[in-house]
Structures are given as structure tokens and as C-alpha cells.
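A.B. asks: File target13.cif follows (mmCIF, C-alpha atoms and all ligand atoms):
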```cif
data_query
#
loop_
_atom_site.group_PDB
_atom_site.id
_atom_site.type_symbol
_atom_site.label_atom_id
_atom_site.label_comp_id
_atom_site.auth_asym_id
_atom_site.auth_seq_id
_atom_site.Cartn_x
_atom_site.Cartn_y
_atom_site.Cartn_z
ATOM 1 C CA MET O 24 0.000 0.000 0.000
ATOM 2 C CA SER O 25 1.065 3.608 -0.524
ATOM 3 C CA LEU O 26 1.590 6.453 1.940
ATOM 4 C CA ALA O 27 -1.787 7.911 0.964
ATOM 5 C CA GLN O 28 -3.513 4.657 1.792
ATOM 6 C CA TYR O 29 -1.796 4.296 5.156
ATOM 7 C CA LEU O 30 -2.605 7.907 5.985
ATOM 8 C CA LYS O 31 -6.206 7.034 5.283
ATOM 9 C CA SER O 32 -6.144 3.978 7.510
ATOM 10 C CA PHE O 33 -4.544 6.080 10.274
ATOM 11 C CA LEU O 34 -7.568 8.399 10.089
ATOM 12 C CA ARG O 35 -9.914 5.476 10.564
ATOM 13 C CA LEU O 36 -8.409 3.488 13.406
ATOM 14 C CA ARG O 37 -10.999 1.364 15.154
ATOM 15 C CA THR O 38 -11.190 3.049 18.541
ATOM 16 C CA CYS O 39 -13.674 3.069 21.406
ATOM 17 C CA LYS O 40 -15.987 6.029 20.738
ATOM 18 C CA ASP O 41 -17.951 5.997 23.957
ATOM 19 C CA ARG O 42 -18.744 9.660 24.635
ATOM 20 C CA LYS O 43 -19.339 8.973 28.291
ATOM 21 C CA LYS O 44 -15.780 7.731 28.629
ATOM 22 C CA TRP O 45 -13.749 9.960 26.343
ATOM 23 C CA LEU O 46 -13.570 13.722 26.340
ATOM 24 C CA ALA O 47 -13.384 16.336 23.596
ATOM 25 C CA LEU O 48 -9.659 16.432 24.386
ATOM 26 C CA THR O 49 -9.194 13.183 22.478
ATOM 27 C CA THR O 50 -12.016 13.834 19.995
ATOM 28 C CA TYR O 51 -14.345 11.606 22.055
ATOM 29 C CA GLN O 52 -12.271 8.524 21.268
ATOM 30 C CA ALA O 53 -9.893 6.274 23.150
ATOM 31 C CA PRO O 54 -6.334 7.538 22.468
ATOM 32 C CA HIS O 55 -4.562 4.198 23.116
ATOM 33 C CA LYS O 56 -3.836 3.282 19.522
ATOM 34 C CA PRO O 57 -2.588 6.751 18.475
ATOM 35 C CA PHE O 58 -0.300 6.874 21.535
ATOM 36 C CA LEU O 59 1.059 3.416 20.743
ATOM 37 C CA LEU O 60 1.773 4.301 17.104
ATOM 38 C CA LEU O 61 3.416 7.595 18.128
ATOM 39 C CA SER O 62 5.567 5.717 20.645
ATOM 40 C CA ILE O 63 6.668 3.203 18.017
ATOM 41 C CA MET O 64 7.659 6.044 15.679
ATOM 42 C CA ASP O 65 9.633 7.680 18.521
ATOM 43 C CA LEU O 66 11.591 4.474 19.135
ATOM 44 C CA ILE O 67 12.253 4.082 15.423
ATOM 45 C CA ALA O 68 13.585 7.669 15.337
ATOM 46 C CA GLN O 69 15.863 6.836 18.298
ATOM 47 C CA GLY O 70 17.181 3.715 16.610
ATOM 48 C CA LEU O 71 15.725 1.501 19.328
ATOM 49 C CA ILE O 72 13.465 -0.281 16.870
ATOM 50 C CA ILE O 73 15.500 -1.200 13.815
ATOM 51 C CA LYS O 74 13.603 -4.085 12.358
ATOM 52 C CA ASN O 75 9.999 -4.766 11.602
ATOM 53 C CA PHE O 76 9.340 -6.611 14.805
ATOM 54 C CA ILE O 77 7.737 -4.629 17.596
ATOM 55 C CA GLU O 78 8.097 -6.111 21.066
ATOM 56 C CA PRO O 79 6.094 -4.967 24.094
ATOM 57 C CA SER O 80 9.422 -3.816 25.545
ATOM 58 C CA PHE O 81 10.108 -1.720 28.619
ATOM 59 C CA GLU O 82 11.101 1.243 26.422
ATOM 60 C CA LEU O 83 7.888 1.030 24.434
ATOM 61 C CA ILE O 84 5.747 0.878 27.564
ATOM 62 C CA GLU O 85 7.651 3.754 29.131
ATOM 63 C CA THR O 86 7.226 5.910 26.035
ATOM 64 C CA PHE O 87 3.524 5.062 25.824
ATOM 65 C CA ASN O 88 3.058 5.846 29.536
ATOM 66 C CA GLY O 89 4.896 9.146 28.995
ATOM 67 C CA TYR O 90 2.351 10.242 26.375
ATOM 68 C CA TRP O 91 -0.514 9.160 28.560
ATOM 69 C CA LYS O 92 0.773 10.966 31.617
ATOM 70 C CA SER O 93 1.494 14.227 29.861
ATOM 71 C CA ILE O 94 -1.782 14.453 27.909
ATOM 72 C CA MET O 95 -4.526 12.663 29.808
ATOM 73 C CA PRO O 96 -6.280 13.979 32.927
ATOM 74 C CA LEU O 97 -4.613 13.146 36.212
ATOM 75 C CA GLY O 98 -5.602 9.775 37.600
ATOM 76 C CA SER O 99 -6.810 8.177 34.356
ATOM 77 C CA LYS O 100 -5.211 4.788 34.063
ATOM 78 C CA THR O 101 -4.113 2.756 31.099
ATOM 79 C CA SER O 102 -1.984 -0.154 30.137
ATOM 80 C CA MET O 103 -0.433 -1.506 26.938
ATOM 81 C CA PRO O 104 -2.288 -4.857 26.907
ATOM 82 C CA TYR O 105 -5.213 -2.819 25.668
ATOM 83 C CA PRO O 106 -3.954 -1.310 22.377
ATOM 84 C CA PHE O 107 -1.095 -3.678 21.524
ATOM 85 C CA PRO O 108 -3.205 -6.665 20.435
ATOM 86 C CA ARG O 109 -6.161 -4.568 19.293
ATOM 87 C CA LEU O 110 -4.212 -2.824 16.531
ATOM 88 C CA LYS O 111 -4.654 -6.123 14.730
ATOM 89 C CA THR O 112 -8.175 -5.041 13.802
ATOM 90 C CA ASP O 113 -6.781 -2.207 11.653
ATOM 91 C CA GLY O 114 -5.266 -4.456 9.017
ATOM 92 C CA PHE O 115 -1.615 -3.364 8.982
ATOM 93 C CA TRP O 116 -0.578 -4.979 12.308
ATOM 94 C CA HIS O 117 0.142 -8.677 12.632
ATOM 95 C CA LEU O 118 0.577 -10.354 16.007
ATOM 96 C CA ILE O 119 3.274 -12.982 16.335
ATOM 97 C CA PRO O 120 2.510 -15.697 18.884
ATOM 98 C CA ASN O 121 5.126 -17.403 21.014
ATOM 99 C CA PRO O 122 5.708 -21.057 20.156
ATOM 100 C CA THR O 123 2.878 -23.293 21.450
ATOM 101 C CA PHE O 124 0.504 -20.322 21.674
ATOM 102 C CA GLU O 125 -0.397 -20.271 17.969
ATOM 103 C CA ASN O 126 -4.087 -20.762 18.565
ATOM 104 C CA GLN O 127 -4.423 -18.542 21.580
ATOM 105 C CA ILE O 128 -3.883 -15.139 20.033
ATOM 106 C CA ASN O 129 -6.839 -12.907 20.769
ATOM 107 C CA ILE O 130 -7.242 -9.229 21.387
ATOM 108 C CA ASN O 131 -8.369 -9.365 24.995
ATOM 109 C CA PHE O 132 -5.349 -9.739 27.210
ATOM 110 C CA SER O 133 -5.934 -8.802 30.806
ATOM 111 C CA SER O 134 -2.333 -8.064 31.786
ATOM 112 C CA MET O 135 1.116 -7.354 30.403
ATOM 113 C CA ALA O 136 2.284 -10.681 31.813
ATOM 114 C CA LYS O 137 -0.365 -12.542 29.826
ATOM 115 C CA LEU O 138 0.319 -10.506 26.692
ATOM 116 C CA ARG O 139 4.042 -11.323 26.904
ATOM 117 C CA GLU O 140 3.369 -14.985 27.604
ATOM 118 C CA VAL O 141 1.248 -15.461 24.520
ATOM 119 C CA CYS O 142 2.604 -12.869 22.159
ATOM 120 C CA ALA O 143 6.257 -12.413 21.098
ATOM 121 C CA GLY O 144 5.449 -9.127 19.423
ATOM 122 C CA ALA O 145 3.974 -7.780 16.228
ATOM 123 C CA ARG O 146 4.995 -7.053 12.680
ATOM 124 C CA MET O 147 3.618 -4.227 10.558
ATOM 125 C CA ASP O 148 3.070 -4.285 6.823
ATOM 126 C CA GLU O 149 6.600 -3.925 5.451
ATOM 127 C CA GLU O 150 5.579 -0.851 3.381
ATOM 128 C CA LEU O 151 4.284 0.895 6.493
ATOM 129 C CA PHE O 152 7.407 0.065 8.474
ATOM 130 C CA GLN O 153 9.569 1.563 5.719
ATOM 131 C CA LEU O 154 7.414 4.713 5.705
ATOM 132 C CA MET O 155 7.968 4.997 9.461
ATOM 133 C CA CYS O 156 11.735 4.621 9.024
ATOM 134 C CA ASN O 157 11.868 7.517 6.565
ATOM 135 C CA PRO O 158 11.948 10.766 8.630
ATOM 136 C CA GLU O 159 9.840 12.700 6.146
ATOM 137 C CA THR O 160 6.988 10.232 5.766
ATOM 138 C CA ARG O 161 7.187 9.411 9.476
ATOM 139 C CA GLU O 162 6.362 13.050 10.258
ATOM 140 C CA GLN O 163 3.393 12.927 7.898
ATOM 141 C CA LEU O 164 2.047 9.837 9.625
ATOM 142 C CA ARG O 165 2.639 11.463 12.998
ATOM 143 C CA ALA O 166 0.828 14.641 11.963
ATOM 144 C CA ALA O 167 -2.156 12.645 10.687
ATOM 145 C CA LEU O 168 -2.552 10.910 14.048
ATOM 146 C CA ILE O 169 -2.206 14.109 16.026
ATOM 147 C CA GLU O 170 -4.676 16.040 13.893
ATOM 148 C CA THR O 171 -7.258 13.275 13.932
ATOM 149 C CA TYR O 172 -7.269 12.114 17.521
ATOM 150 C CA PHE O 173 -6.446 15.212 19.551
ATOM 151 C CA ALA O 174 -8.222 18.525 20.057
ATOM 152 C CA PRO O 175 -6.488 21.590 18.521
ATOM 153 C CA GLU O 176 -5.520 22.995 21.927
ATOM 154 C CA ILE O 177 -3.417 19.975 22.872
ATOM 155 C CA ARG O 178 -1.887 19.082 19.516
ATOM 156 C CA THR O 179 1.281 21.058 20.216
ATOM 157 C CA LYS O 180 1.667 19.242 23.509
ATOM 158 C CA VAL O 181 1.395 15.831 21.840
ATOM 159 C CA LEU O 182 3.927 16.865 19.213
ATOM 160 C CA GLU O 183 6.220 18.256 21.909
ATOM 161 C CA GLN O 184 6.118 14.975 23.809
ATOM 162 C CA GLY O 185 7.680 13.334 20.741
ATOM 163 C CA HIS O 186 10.373 16.038 20.614
ATOM 164 C CA LEU O 187 10.960 15.607 24.336
ATOM 165 C CA ASN O 188 11.396 11.850 23.933
ATOM 166 C CA TYR O 189 14.007 12.450 21.268
ATOM 167 C CA ALA O 190 15.848 15.105 23.282
ATOM 168 C CA VAL O 191 15.878 12.871 26.388
ATOM 169 C CA TYR O 192 17.290 10.050 24.354
ATOM 170 C CA ARG O 193 20.031 12.320 22.954
ATOM 171 C CA TYR O 194 20.930 13.600 26.429
ATOM 172 C CA SER O 195 21.095 10.095 27.922
ATOM 173 C CA LYS O 196 23.358 9.009 25.054
ATOM 174 C CA LYS O 197 25.594 12.006 25.698
ATOM 175 C CA LEU O 198 25.896 11.109 29.386
ATOM 176 C CA LEU O 199 27.330 7.732 28.421
ATOM 177 C CA LYS O 200 30.040 9.232 26.233
ATOM 178 C CA VAL O 201 33.137 9.501 28.372
ATOM 179 C CA ASP O 202 34.756 11.931 25.891
ATOM 180 C CA GLU O 203 31.898 14.380 26.477
ATOM 181 C CA TRP O 204 32.356 14.445 30.228
ATOM 182 C CA LYS O 205 34.942 17.192 30.216
ATOM 183 C CA LYS O 206 32.721 19.519 28.207
ATOM 184 C CA ASP O 207 29.423 21.189 28.981
ATOM 185 C CA PHE O 208 29.096 20.324 32.633
ATOM 186 C CA GLY O 209 29.707 23.835 33.891
ATOM 187 C CA LYS O 210 27.427 25.885 36.105
ATOM 188 C CA VAL O 211 23.873 26.222 34.822
ATOM 189 C CA THR O 212 22.118 29.423 35.785
ATOM 190 C CA ASP O 213 18.952 29.967 33.804
ATOM 191 C CA GLU O 214 17.586 26.536 33.047
ATOM 192 C CA SER O 215 14.150 26.476 31.437
ATOM 193 C CA ASP O 216 11.464 23.989 32.502
ATOM 194 C CA TRP O 217 11.925 22.266 29.170
ATOM 195 C CA GLN O 218 15.688 21.862 29.675
ATOM 196 C CA LYS O 219 15.148 20.649 33.215
ATOM 197 C CA LYS O 220 12.680 18.051 31.997
ATOM 198 C CA ILE O 221 15.179 16.760 29.428
ATOM 199 C CA ARG O 222 17.975 16.664 31.966
ATOM 200 C CA ASP O 223 15.949 14.935 34.700
ATOM 201 C CA SER O 224 14.531 12.312 32.380
ATOM 202 C CA GLY O 225 17.832 11.769 30.548
ATOM 203 C CA PHE O 226 19.764 11.324 33.797
ATOM 204 C CA ARG O 227 17.108 8.926 35.041
ATOM 205 C CA LYS O 228 17.140 6.893 31.851
ATOM 206 C CA THR O 229 20.937 6.569 31.927
ATOM 207 C CA ILE O 230 21.280 5.634 35.595
ATOM 208 C CA VAL O 231 18.341 3.240 35.729
ATOM 209 C CA SER O 232 19.588 1.323 32.715
ATOM 210 C CA LEU O 233 23.256 1.254 33.852
ATOM 211 C CA TYR O 234 22.118 -0.297 37.150
ATOM 212 C CA ARG O 235 19.559 -2.462 35.343
ATOM 213 C CA HIS O 236 16.782 -1.343 37.671
ATOM 214 C CA ARG O 237 18.681 -2.623 40.711
ATOM 215 C CA CYS O 238 19.113 -0.572 43.893
ATOM 216 C CA ALA O 239 22.852 0.026 44.381
ATOM 217 C CA LEU O 240 22.590 -0.245 48.166
ATOM 218 C CA CYS O 241 20.109 -3.001 49.028
ATOM 219 C CA GLY O 242 20.053 -4.804 45.686
ATOM 220 C CA ILE O 243 16.283 -4.895 45.305
ATOM 221 C CA ARG O 244 15.105 -5.095 41.706
ATOM 222 C CA MET O 245 11.412 -4.828 40.977
ATOM 223 C CA LEU O 246 10.025 -4.048 37.598
ATOM 224 C CA THR O 247 6.295 -4.454 37.162
ATOM 225 C CA PRO O 248 5.004 -5.854 33.876
ATOM 226 C CA GLU O 249 3.366 -2.448 33.360
ATOM 227 C CA GLY O 250 6.811 -0.901 33.232
ATOM 228 C CA HIS O 251 7.060 0.704 36.669
ATOM 229 C CA THR O 252 10.416 0.365 38.392
ATOM 230 C CA ILE O 253 11.183 0.579 42.107
ATOM 231 C CA VAL O 254 14.356 2.595 41.587
ATOM 232 C CA ASP O 255 14.976 6.323 41.208
ATOM 233 C CA ALA O 256 18.084 7.921 39.789
ATOM 234 C CA ALA O 257 19.790 9.673 42.709
ATOM 235 C CA HIS O 258 22.555 12.253 42.528
ATOM 236 C CA ILE O 259 25.387 11.568 44.966
ATOM 237 C CA LYS O 260 26.349 15.238 45.165
ATOM 238 C CA PRO O 261 23.056 17.100 44.590
ATOM 239 C CA TRP O 262 22.671 18.718 41.217
ATOM 240 C CA LYS O 263 22.232 22.196 42.678
ATOM 241 C CA ASP O 264 25.722 21.904 44.206
ATOM 242 C CA SER O 265 27.447 20.006 41.424
ATOM 243 C CA PHE O 266 25.632 20.610 38.091
ATOM 244 C CA ASP O 267 26.921 17.140 37.400
ATOM 245 C CA ASP O 268 24.754 14.554 35.664
ATOM 246 C CA ARG O 269 27.606 12.222 34.748
ATOM 247 C CA PRO O 270 26.838 8.622 35.659
ATOM 248 C CA THR O 271 29.753 8.807 38.119
ATOM 249 C CA ASN O 272 27.656 11.229 40.184
ATOM 250 C CA GLY O 273 24.619 8.948 40.277
ATOM 251 C CA MET O 274 23.274 5.699 41.628
ATOM 252 C CA ALA O 275 19.994 3.859 41.142
ATOM 253 C CA LEU O 276 18.333 3.673 44.542
ATOM 254 C CA CYS O 277 15.004 2.216 45.692
ATOM 255 C CA LYS O 278 12.622 4.651 47.371
ATOM 256 C CA LEU O 279 13.692 3.736 50.899
ATOM 257 C CA CYS O 280 17.431 3.798 50.157
ATOM 258 C CA HIS O 281 17.033 7.063 48.211
ATOM 259 C CA TRP O 282 15.372 8.742 51.161
ATOM 260 C CA SER O 283 17.879 7.259 53.621
ATOM 261 C CA PHE O 284 20.788 8.358 51.426
ATOM 262 C CA ASP O 285 19.481 11.911 51.089
ATOM 263 C CA LYS O 286 18.878 12.079 54.857
ATOM 264 C CA GLY O 287 22.412 10.875 55.558
ATOM 265 C CA LEU O 288 21.380 7.623 57.226
ATOM 266 C CA VAL O 289 23.370 5.566 54.730
ATOM 267 C CA SER O 290 26.418 6.266 52.581
ATOM 268 C CA VAL O 291 29.140 4.448 50.651
ATOM 269 C CA SER O 292 32.707 3.839 51.837
ATOM 270 C CA LYS O 293 36.000 4.202 49.961
ATOM 271 C CA GLU O 294 35.836 0.456 49.386
ATOM 272 C CA TYR O 295 32.356 0.717 47.834
ATOM 273 C CA GLN O 296 30.667 -0.789 50.873
ATOM 274 C CA VAL O 297 27.439 0.368 52.476
ATOM 275 C CA LEU O 298 27.846 2.553 55.549
ATOM 276 C CA VAL O 299 24.913 2.740 57.946
ATOM 277 C CA SER O 300 24.606 5.604 60.404
ATOM 278 C CA LYS O 301 24.644 4.819 64.128
ATOM 279 C CA ARG O 302 21.417 6.818 64.329
ATOM 280 C CA VAL O 303 19.639 3.951 62.637
ATOM 281 C CA MET O 304 20.467 1.651 65.547
ATOM 282 C CA VAL O 305 18.810 3.897 68.091
ATOM 283 C CA GLU O 306 15.746 4.670 65.964
ATOM 284 C CA GLN O 307 13.372 1.819 66.684
ATOM 285 C CA ASN O 308 10.962 2.518 63.876
ATOM 286 C CA PHE O 309 13.562 2.333 61.156
ATOM 287 C CA PRO O 310 13.338 -0.861 59.083
ATOM 288 C CA GLY O 311 15.823 -3.339 60.504
ATOM 289 C CA HIS O 312 16.997 -4.651 57.184
ATOM 290 C CA ILE O 313 18.856 -1.392 56.522
ATOM 291 C CA LEU O 314 21.193 -2.354 59.370
ATOM 292 C CA THR O 315 21.941 -5.689 57.763
ATOM 293 C CA LEU O 316 23.385 -3.847 54.761
ATOM 294 C CA THR O 317 26.340 -2.590 56.819
ATOM 295 C CA ASP O 318 29.652 -3.253 55.045
ATOM 296 C CA ARG O 319 28.008 -5.100 52.181
ATOM 297 C CA PRO O 320 29.471 -4.287 48.764
ATOM 298 C CA ILE O 321 27.253 -2.007 46.722
ATOM 299 C CA PHE O 322 25.850 -3.028 43.347
ATOM 300 C CA THR O 323 27.628 -1.186 40.556
ATOM 301 C CA PRO O 324 27.278 -0.893 36.795
ATOM 302 C CA GLU O 325 29.155 -3.509 34.845
ATOM 303 C CA LYS O 326 31.812 -1.125 33.489
ATOM 304 C CA GLU O 327 34.044 0.415 36.125
ATOM 305 C CA ILE O 328 34.213 3.720 34.266
ATOM 306 C CA PHE O 329 30.559 4.315 35.294
ATOM 307 C CA TRP O 330 31.013 3.500 38.988
ATOM 308 C CA PRO O 331 30.450 6.319 41.492
ATOM 309 C CA GLU O 332 33.437 8.621 41.615
ATOM 310 C CA GLN O 333 35.318 8.640 44.916
ATOM 311 C CA ASP O 334 35.299 12.461 45.118
ATOM 312 C CA ASN O 335 31.506 12.441 45.022
ATOM 313 C CA LEU O 336 31.207 9.688 47.626
ATOM 314 C CA HIS O 337 33.670 11.575 49.805
ATOM 315 C CA TRP O 338 31.513 14.681 49.483
ATOM 316 C CA HIS O 339 28.428 12.723 50.592
ATOM 317 C CA ARG O 340 30.221 11.178 53.574
ATOM 318 C CA LYS O 341 31.525 14.574 54.632
ATOM 319 C CA ASN O 342 28.417 16.711 54.054
ATOM 320 C CA THR O 343 25.368 14.493 54.335
ATOM 321 C CA PHE O 344 26.176 11.277 56.182
ATOM 322 C CA ARG O 345 25.476 11.293 59.913
ATOM 323 C CA ARG O 346 28.060 9.105 61.569
HETATM 324 ZN ZN ZN J 401 17.375 -0.057 48.261
#
```
Can you present the structure in this file as C-alpha cells?
Ligand SMILES: [Zn+2]

C.D. replies:
Amino acid sequence: MSLAQYLKSFLRLRTCKDRKKWLALTTYQAPHKPFLLLSIMDLIAQGLIIKNFIEPSFELIETFNGYWKSIMPLGSKTSMPYPFPRLKTDGFWHLIPNPTFENQININFSSMAKLREVCAGARMDEELFQLMCNPETREQLRAALIETYFAPEIRTKVLEQGHLNYAVYRYSKKLLKVDEWKKDFGKVTDESDWQKKIRDSGFRKTIVSLYRHRCALCGIRMLTPEGHTIVDAAHIKPWKDSFDDRPTNGMALCKLCHWSFDKGLVSVSKEYQVLVSKRVMVEQNFPGHILTLTDRPIFTPEKEIFWPEQDNLHWHRKNTFRR
């Protein structure tokens, strides 16, 4: 099929058109399929999808959730098991079952876990995939989705989310380039909200993936099938004091360890072992398992070049840690 024909089928996606459920904001239709297609195009632009085989990957879910969160009213929930299989009804999307699940492909999966169990991924019509790989035609497809499924007042925001995704990706790539570390990390004075968003998300993306979603201090790793992770990206020396987003100034920490680290109840020794403040011993309400971490080696990224820098750890021990 040609670009014109795919543009036409993008205008006629089979969506839920229940006016009680969906607002004028999304032209009284469910926005799941447009968000999913926009997310796929974002990952193609970032080089994260390079062949015509779309997996329900963590990156895809995260990108999809990013669109949802920035556009939809607060508190409205969604999940990828809804649009991923249902795109099949639009003709250009072909689900690929896992071995032994050939006859169990349907469009009603209740959870990500079930979707992943049954379905390896999906393939698009090859012509459509090629149109998405070409930057020019990709932007035409993107524009068609945005103009059809979103009210005029939020179209810019939807488009911007795509730009943001690309900028975050670029920034996170830059943070991994050791040659770049000497440049550009000077004092930042007038940072716009947009720049801050890119920096925060890029730093997070880099750290969380270097630590593979594992807390550096306690080792917990929890990643829900819906793509939510237990870890945050924490600065060792706070950004406002360091302006330093290099991976060597960060660690992935679970919520409890992040809080404890920022409050100075835990730190990291010269030997990369967990230090626990004596205050924890006298505070009866503090979870006991923190104490058991004392002197345990921390979890680090695979490559030593990305490990926390000693100067930063020293700063934390000196300025934040309560002995
Ligand atoms: Zn932890």
C-alpha cells in the first residue's frame, strides 16, 4: 500500500468512541492506539526499533506511559495490553505468537504478563514500516494521528512529547560518552522547565539502565510488567551543588534507600561498601533490614568507568552522612 492509503487507515483506526468515557480532548475517542503508534515512531527515530518486529518492551511501555501521563487527565489509568493486540483489527498490524501459543492469540489480554506470555510481538506491513523509518513520511504519519485524535488545543503538547522523547534520548546518550564528560558540565544558571525536563529524564534513563533497575545499596530489583520500576536515579552530590549529571555522580536507589541516602542515614565507603549511620540503631521505627546492609558491597554498573566517583562519595560522607 502507498503512503496515501496508510494515511487514510490512520484516520480510521478502530477506537472506542464511547462519549461517556472519552472527552473532547481526544475527539471523544480512546487515544490508546494513536499513543502506541506515536511511541513506536519515537523508538524508530531513536534507533531503538530497527527491524519490523515490535516487542512490548520496557522502552515502548515507558514511552507510551509518557504520552498518557502528559496528555490525559490526572488519575486516568491505562496499560499496553489494551492497544497492543487490538491494533490487529486495523489491518496493517500482525501479532506474532510465542511457540505453542499459535491458537491462543486474541485481542483481549488482561495483563502485560499474559500478553508477553502469549505474544512475542507484532509485525507491521513492510511498506508501512519503511514509511515509518523515513523521517519525512514518518512526520506525515505522525501529523495525521495528532490532527485526527487530539483537540487543537493539545496538539502542540502531543507533538512536543515526541520532541521531548528524542531530546531525552540524545541527552542520555551524551551522558554515556566519556569523551563528552569534560565539556558542557559547567554551572547552569537559567535553566528552562523544558531543559530541566530533558535533563531529569535523561539522567534517570541513563542511571536506571546502567544499574539495570537494581538498587545500588540493598540490591532490590522490581520491575512491574506495566513498566514501573522501584528505583529512582539519585545524585550523589546534589545537582544544585554540582551541576553534574555524569553517571559517576549517580546511583539507582530504591525509594527507601534514596530517602535514607538523602537524609544521611546511609552512605558508601572508599571500598564501595554500604555505611549505615549509628542513628539507625537507636531509631526503633527504622526498618531493621537497613542495618543488615552494613559493610556489604554495593551493586555497581558492569563497566568500572561508570562507577560512582570517589570524590563524590567523599563529598556525601563529609556533608550528608550522619556518623
Ligand atoms: Zn534499596

A.B. asks: Choose the residue, out of O:Thr112, O:Gln69, O:Thr86, O:Ser283, that has the smallest atom-to-atom separation from ligand ZN 401 (chain J); count only C-alpha atoms and all ligand atoms.

C.D. replies: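 Using only C-alpha atoms and all ligand atoms, the shortest distance to ligand ZN 401 (chain J) belongs to O:Ser283.
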
A.B. asks: Check every protein, DNA and RNA residue against ligand ZN 401 (chain J), keep those with an atom at most 6 Å away (counting only C-alpha atoms and all ligand atoms), and present them as a PyMOL selection string.

C.D. replies: chain O and resi 238+240-241+243+276-277+279-280

A.B. asks: Selected by the PyMOL selection byres (((chain O and resi 71) around 12) and not hetatm) in the shown coordinates: which residues, as a PDB file with C-alpha atoms, in the coordinates of the input?

C.D. replies:
```
ATOM      1  CA  SER O  62       5.567   5.717  20.645  1.00  0.00           C
ATOM      2  CA  ILE O  63       6.668   3.203  18.017  1.00  0.00           C
ATOM      3  CA  MET O  64       7.659   6.044  15.679  1.00  0.00           C
ATOM      4  CA  ASP O  65       9.633   7.680  18.521  1.00  0.00           C
ATOM      5  CA  LEU O  66      11.591   4.474  19.135  1.00  0.00           C
ATOM      6  CA  ILE O  67      12.253   4.082  15.423  1.00  0.00           C
ATOM      7  CA  ALA O  68      13.585   7.669  15.337  1.00  0.00           C
ATOM      8  CA  GLN O  69      15.863   6.836  18.298  1.00  0.00           C
ATOM      9  CA  GLY O  70      17.181   3.715  16.610  1.00  0.00           C
ATOM     10  CA  ILE O  72      13.465  -0.281  16.870  1.00  0.00           C
ATOM     11  CA  ILE O  73      15.500  -1.200  13.815  1.00  0.00           C
ATOM     12  CA  LYS O  74      13.603  -4.085  12.358  1.00  0.00           C
ATOM     13  CA  ASN O  75       9.999  -4.766  11.602  1.00  0.00           C
ATOM     14  CA  PHE O  76       9.340  -6.611  14.805  1.00  0.00           C
ATOM     15  CA  ILE O  77       7.737  -4.629  17.596  1.00  0.00           C
ATOM     16  CA  GLU O  78       8.097  -6.111  21.066  1.00  0.00           C
ATOM     17  CA  SER O  80       9.422  -3.816  25.545  1.00  0.00           C
ATOM     18  CA  PHE O  81      10.108  -1.720  28.619  1.00  0.00           C
ATOM     19  CA  GLU O  82      11.101   1.243  26.422  1.00  0.00           C
ATOM     20  CA  LEU O  83       7.888   1.030  24.434  1.00  0.00           C
ATOM     21  CA  THR O  86       7.226   5.910  26.035  1.00  0.00           C
ATOM     22  CA  CYS O 156      11.735   4.621   9.024  1.00  0.00           C
ATOM     23  CA  TYR O 189      14.007  12.450  21.268  1.00  0.00           C
ATOM     24  CA  TYR O 192      17.290  10.050  24.354  1.00  0.00           C
TER      25      TYR O 192
END
```

A.B. asks: What do you get, as an MDAnalysis selection string, if you spell out every residue that the PyMOL selection byres (((chain O and resi 99-107) around 10) and not hetatm) selects here?

C.D. replies: chainID O and resid 38 53:60 77:79 83:85 87:88 91:92 95:98 108:111 116 118 130:139 142 144:145 248:250

A.B. asks: Counting all atoms listed in the file, figure out which residue out of O:Ala256, O:Ile230, O:Leu61, O:Leu154 gets nearest to Val181 in chain O.

C.D. replies: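 Distance minimum relative to Val181 in chain O lands on O:Leu61.
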
A.B. asks: Taking the file above as input, evaluate the PyMOL selection byres (((chain O and resi 300) around 7) and not hetatm) and report the hits as a count of residues only.

C.D. replies: 9

A.B. asks: Given all atoms listed in the file as the basis, pick out the residue of O:Lys210, O:Arg161, O:Lys31, O:His281 nearest to Phe115 in chain O.

C.D. replies: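 Closest to Phe115 in chain O, using all atoms listed in the file: O:Lys31.
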
A.B. asks: Considering only C-alpha atoms, state which residue in the set O:Tyr194, O:Phe33, O:Phe266, O:Phe173 is at the smallest distance from Thr212 in chain O.

C.D. replies: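 Of the candidates, the smallest distance to Thr212 in chain O is held by O:Phe266.
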
A.B. asks: Counting all atoms listed in the file, select every polymer residue within 10 Å of (26.3, 23.5, 39.8) as defined in the file's coordinates, and provide the selection as a PyMOL selection string.

C.D. replies: chain O and resi 208-212+260-268

A.B. asks: Would you please work out which residue, of O:Tyr172, O:Lys197, O:Val297, O:Arg42, is nearest to Leu314 in chain O when using only C-alpha atoms?

C.D. replies: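 With only C-alpha atoms as the atom set, the closest residue is O:Val297.
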
A.B. asks: Just give me the gap between CA of Cys39 in chain O and CA of Ala174 in chain O in Å, one decimal is fine.

C.D. replies: 16.4 Å
